[in-house]
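File shown: my_file.pdb (PDB, C-alpha atoms).
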MODEL        1
ATOM      1  CA  ILE A   1      -8.727  11.830 -18.323
ATOM      2  CA  LYS A   2      -7.573   8.400 -17.283
ATOM      3  CA  LYS A   3      -9.944   6.921 -14.757
ATOM      4  CA  ASP A   4      -8.232   5.889 -11.553
ATOM      5  CA  ALA A   5      -8.002   2.138 -11.181
ATOM      6  CA  GLU A   6     -10.006   0.689  -8.309
ATOM      7  CA  TYR A   7      -9.134  -2.010  -5.831
ATOM      8  CA  PRO A   8     -12.032  -4.281  -4.812
ATOM      9  CA  VAL A   9     -12.154  -4.986  -1.071
ATOM     10  CA  LYS A  10     -14.442  -7.788   0.085
ATOM     11  CA  THR A  11     -16.148  -6.648   3.276
ATOM     12  CA  LYS A  12     -19.014  -8.014   5.366
ATOM     13  CA  GLU A  13     -21.281  -5.522   3.596
ATOM     14  CA  GLY A  14     -20.146  -6.597   0.143
ATOM     15  CA  VAL A  15     -17.433  -5.513  -2.255
ATOM     16  CA  VAL A  16     -16.207  -1.944  -1.891
ATOM     17  CA  SER A  17     -14.193  -0.531  -4.802
ATOM     18  CA  VAL A  18     -11.529   1.858  -3.633
ATOM     19  CA  PRO A  19      -9.691   4.166  -6.053
ATOM     20  CA  TYR A  20      -5.938   3.485  -5.922
ATOM     21  CA  SER A  21      -5.274   7.169  -5.338
ATOM     22  CA  GLN A  22      -7.178   7.080  -2.032
ATOM     23  CA  ILE A  23      -5.293   4.118  -0.570
ATOM     24  CA  GLU A  24      -2.562   5.225   1.823
ATOM     25  CA  TYR A  25      -1.469   1.720   2.721
ATOM     26  CA  ILE A  26      -2.749  -1.796   3.192
ATOM     27  CA  GLU A  27      -1.882  -3.876   6.212
ATOM     28  CA  ASN A  28      -2.338  -7.587   6.633
ATOM     29  CA  CYS A  29      -3.850  -8.021  10.124
ATOM     30  CA  SER A  30      -4.338 -11.658  11.092
ATOM     31  CA  ARG A  31      -5.662 -12.766   7.697
ATOM     32  CA  THR A  32      -7.776  -9.683   7.019
ATOM     33  CA  LEU A  33      -6.771  -6.634   5.016
ATOM     34  CA  GLN A  34      -6.926  -3.238   6.619
ATOM     35  CA  VAL A  35      -7.102  -0.745   3.777
ATOM     36  CA  CYS A  36      -6.197   2.672   5.168
ATOM     37  CA  LEU A  37      -7.446   5.583   3.118
ATOM     38  CA  SER A  38      -6.409   9.193   2.824
ATOM     39  CA  GLY A  39      -8.532  11.267   5.143
ATOM     40  CA  GLY A  40      -8.199   8.778   7.971
ATOM     41  CA  ASN A  41     -10.852   6.244   7.056
ATOM     42  CA  SER A  42     -10.140   2.568   6.716
ATOM     43  CA  ILE A  43     -11.913  -0.453   5.338
ATOM     44  CA  ASN A  44     -11.490  -3.905   6.767
ATOM     45  CA  SER A  45     -11.860  -6.904   4.528
ATOM     46  CA  ILE A  46     -13.322 -10.237   5.412
ATOM     47  CA  PHE A  47     -10.959 -13.153   6.064
ATOM     48  CA  ILE A  48      -8.540 -13.615   3.175
ATOM     49  CA  ARG A  49      -7.881 -17.076   1.832
ATOM     50  CA  LYS A  50      -4.978 -16.216  -0.426
ATOM     51  CA  SER A  51      -1.628 -14.913   0.742
ATOM     52  CA  PHE A  52      -1.209 -11.169   1.287
ATOM     53  CA  ASP A  53       1.107 -11.076  -1.751
ATOM     54  CA  GLU A  54      -1.601 -12.593  -3.925
ATOM     55  CA  GLU A  55      -4.316 -10.340  -2.507
ATOM     56  CA  VAL A  56      -2.384  -7.180  -3.307
ATOM     57  CA  ARG A  57      -0.667  -8.354  -6.502
ATOM     58  CA  GLN A  58      -2.949  -6.218  -8.688
ATOM     59  CA  LEU A  59      -2.086  -3.119  -6.637
ATOM     60  CA  ALA A  60       1.596  -3.942  -6.361
ATOM     61  CA  GLN A  61       1.866  -3.721 -10.142
ATOM     62  CA  ASP A  62       0.923  -0.043  -9.985
ATOM     63  CA  LYS A  63       4.068   2.074  -9.832
ATOM     64  CA  ARG A  64       2.707   4.098  -6.909
ATOM     65  CA  PHE A  65       2.769   1.106  -4.591
ATOM     66  CA  VAL A  66       5.723  -0.546  -2.928
ATOM     67  CA  HIS A  67       5.847  -3.619  -0.742
ATOM     68  CA  VAL A  68       7.827  -2.427   2.282
ATOM     69  CA  HIS A  69       7.247  -5.397   4.561
ATOM     70  CA  LYS A  70       5.583  -8.786   4.332
ATOM     71  CA  SER A  71       2.451  -7.290   5.898
ATOM     72  CA  PHE A  72       2.460  -3.827   4.339
ATOM     73  CA  LEU A  73       1.938  -2.342   0.907
ATOM     74  CA  VAL A  74       2.222   1.444   0.823
ATOM     75  CA  ASN A  75       1.230   4.112  -1.679
ATOM     76  CA  MET A  76       4.342   6.226  -2.220
ATOM     77  CA  ASP A  77       2.178   9.302  -2.812
ATOM     78  CA  TYR A  78       1.541   9.296   0.932
ATOM     79  CA  ILE A  79       5.057   8.742   2.232
ATOM     80  CA  GLU A  80       6.067  11.743   4.326
ATOM     81  CA  LYS A  81       9.478  10.469   5.241
ATOM     82  CA  LEU A  82      11.576   7.457   4.376
ATOM     83  CA  ALA A  83      14.028   6.394   7.059
ATOM     84  CA  GLN A  84      16.375   3.443   7.058
ATOM     85  CA  ARG A  85      13.967   0.888   8.455
ATOM     86  CA  THR A  86      10.634   2.737   8.536
ATOM     87  CA  VAL A  87       8.392   4.903   6.410
ATOM     88  CA  MET A  88       6.265   7.597   7.935
ATOM     89  CA  MET A  89       2.931   8.022   6.229
ATOM     90  CA  GLU A  90       0.957  11.254   5.855
ATOM     91  CA  CYS A  91      -1.530  10.014   8.452
ATOM     92  CA  GLY A  92       1.320   9.775  10.973
ATOM     93  CA  LYS A  93       1.519   5.981  10.948
ATOM     94  CA  ILE A  94       5.040   4.606  11.087
ATOM     95  CA  ILE A  95       5.401   1.454   9.051
ATOM     96  CA  PRO A  96       8.324  -0.944   9.338
ATOM     97  CA  VAL A  97      10.507  -1.632   6.325
ATOM     98  CA  SER A  98      11.934  -5.133   6.396
ATOM     99  CA  LYS A  99      15.702  -5.565   6.185
ATOM    100  CA  THR A 100      15.388  -7.658   3.033
ATOM    101  CA  ARG A 101      13.345  -4.996   1.238
ATOM    102  CA  ALA A 102      15.056  -1.828   2.511
ATOM    103  CA  VAL A 103      17.329  -1.325  -0.512
ATOM    104  CA  ASP A 104      14.543  -1.963  -3.033
ATOM    105  CA  VAL A 105      12.137   0.304  -1.184
ATOM    106  CA  LYS A 106      14.642   3.147  -1.157
ATOM    107  CA  LYS A 107      15.381   2.650  -4.854
ATOM    108  CA  ALA A 108      11.697   2.489  -5.771
ATOM    109  CA  TYR A 109      10.924   5.600  -3.738
ATOM    110  CA  LEU A 110      13.774   7.641  -5.208
ATOM    111  CA  MET A 111      12.688   6.645  -8.715
ATOM    112  CA  PHE A 112       9.098   7.497  -7.884
ATOM    113  CA  VAL A 113       9.947  10.913  -6.482
ATOM    114  CA  SER A 114      12.267  11.813  -9.347
ATOM    115  CA  GLU A 115       9.557  10.901 -11.872
ATOM    116  CA  LYS A 116       6.968  12.911 -10.006
ATOM    117  CA  TYR A 117       9.035  16.085 -10.018
ATOM    118  CA  ARG A 118      10.400  15.761 -13.502
TER     119      ARG A 118
ENDMDL
END
Can the structure from this file be put into structure tokens for me?
Amino acid sequence: IKKDAEYPVKTKEGVVSVPYSQIEYIENCSRTLQVCLSGGNSINSIFIRKSFDEEVRQLAQDKRFVHVHKSFLVNMDYIEKLAQRTVMMECGKIIPVSKTRAVDVKKAYLMFVSEKYR
């Protein structure tokens, strides 16, 4: 069994390691990361010094994750519905998809889904 990779989130209480599979999406909220987990919980990081892209680079390399907007990285396992300019997550959150990324997001999602149901 391959152990699920974990994403370290620096919080006020210390570093919390979150399994990739539990991350629904990550939002960049005024220089802090809001890591939203399946089951409705979320973890807020302390102030980030690097750019959002750099902070989530490790996660973005995982094929489950797609960068849909400059402030959002989503786990495709939790996408309920992909519309032209938004994705609806399992938790009900509607996340914007930027115009510049729309085509890539759609492509990535279709690839992801077709692999999953192969």
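Candidate residues A:Gly40, A:Phe47, A:Val68, A:Ser114 were compared for distance to A:Leu82, and the nearest is A:Val68, using only C-alpha atoms.
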Would you please work out which residue, of A:Asp62, A:Glu115, A:Asp4, A:Glu55, is nearest to A:Val35 when using all atoms listed in the file?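 Of the candidates, the smallest distance to A:Val35 is held by A:Glu55.
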Across A:Gln84, A:Asn75, A:Ser21, A:Thr32, the smallest distance to A:Ser45, with only C-alpha atoms counted, is shown by A:Thr32
List, as a PyMOL selection string, every residue that the PyMOL selection byres ((chain A and resi 92) around 12) selects in the file provided.
chain A and resi 24-25+36+38-40+78-81+86-91+93-95
Hey, can you spit out that residue selection with C-alpha atoms as a compact mmCIF listing (two decimals), in the coordinates of the input?
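The resulting selection_34.txt:
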# COMPACT_ATOMS: atom_id res chain seq x y z
CA GLU A 24 -2.56 5.22 1.82
CA TYR A 25 -1.47 1.72 2.72
CA CYS A 36 -6.20 2.67 5.17
CA SER A 38 -6.41 9.19 2.82
CA GLY A 39 -8.53 11.27 5.14
CA GLY A 40 -8.20 8.78 7.97
CA TYR A 78 1.54 9.30 0.93
CA ILE A 79 5.06 8.74 2.23
CA GLU A 80 6.07 11.74 4.33
CA LYS A 81 9.48 10.47 5.24
CA THR A 86 10.63 2.74 8.54
CA VAL A 87 8.39 4.90 6.41
CA MET A 88 6.26 7.60 7.94
CA MET A 89 2.93 8.02 6.23
CA GLU A 90 0.96 11.25 5.86
CA CYS A 91 -1.53 10.01 8.45
CA LYS A 93 1.52 5.98 10.95
CA ILE A 94 5.04 4.61 11.09
CA ILE A 95 5.40 1.45 9.05
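Going from atom CA of A:Phe112 to atom CA of A:Arg64 covers 7.3 Å.
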Students should find that atom CA of A:Ala108 and atom CA of A:Asp77 are spaced 12.1 Å
Q. Using only C-alpha atoms, what residues lie at most 6 Å away from (10.2, -3.1, 3.9) (file coordinates), given as a list in words?
A. Val68, His69, Val97, Ser98, Arg101 and Ala102 of chain A
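Residues matched by the PyMOL selection byres ((chain A and resi 17) around 12) in this file: Asp4, Ala5, Glu6, Tyr7, Pro8, Val9, Lys10, Thr11, Gly14, Val15, Val16, Val18, Pro19, Tyr20, Ser21, Gln22, Ile23, Val35, Ile43 and Ser45 of chain A.
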Quiz item: What does the distance from atom CA of A:Ser71 to atom CA of A:Val105 come to in Å, to one decimal?
Solution: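 About the pair atom CA of A:Ser71 and atom CA of A:Val105: they are 14.2 Å apart.
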Starting from 5 Å padding per side, set up an axis-aligned box that covers all listed atoms of stretch 105-115 of chain A and hand over centre and edge lengths in Å, one decimal, as AutoDock Vina command-line options.
--center_x 12.2 --center_y 6.1 --center_z -6.5 --size_x 16.3 --size_y 21.5 --size_z 20.7
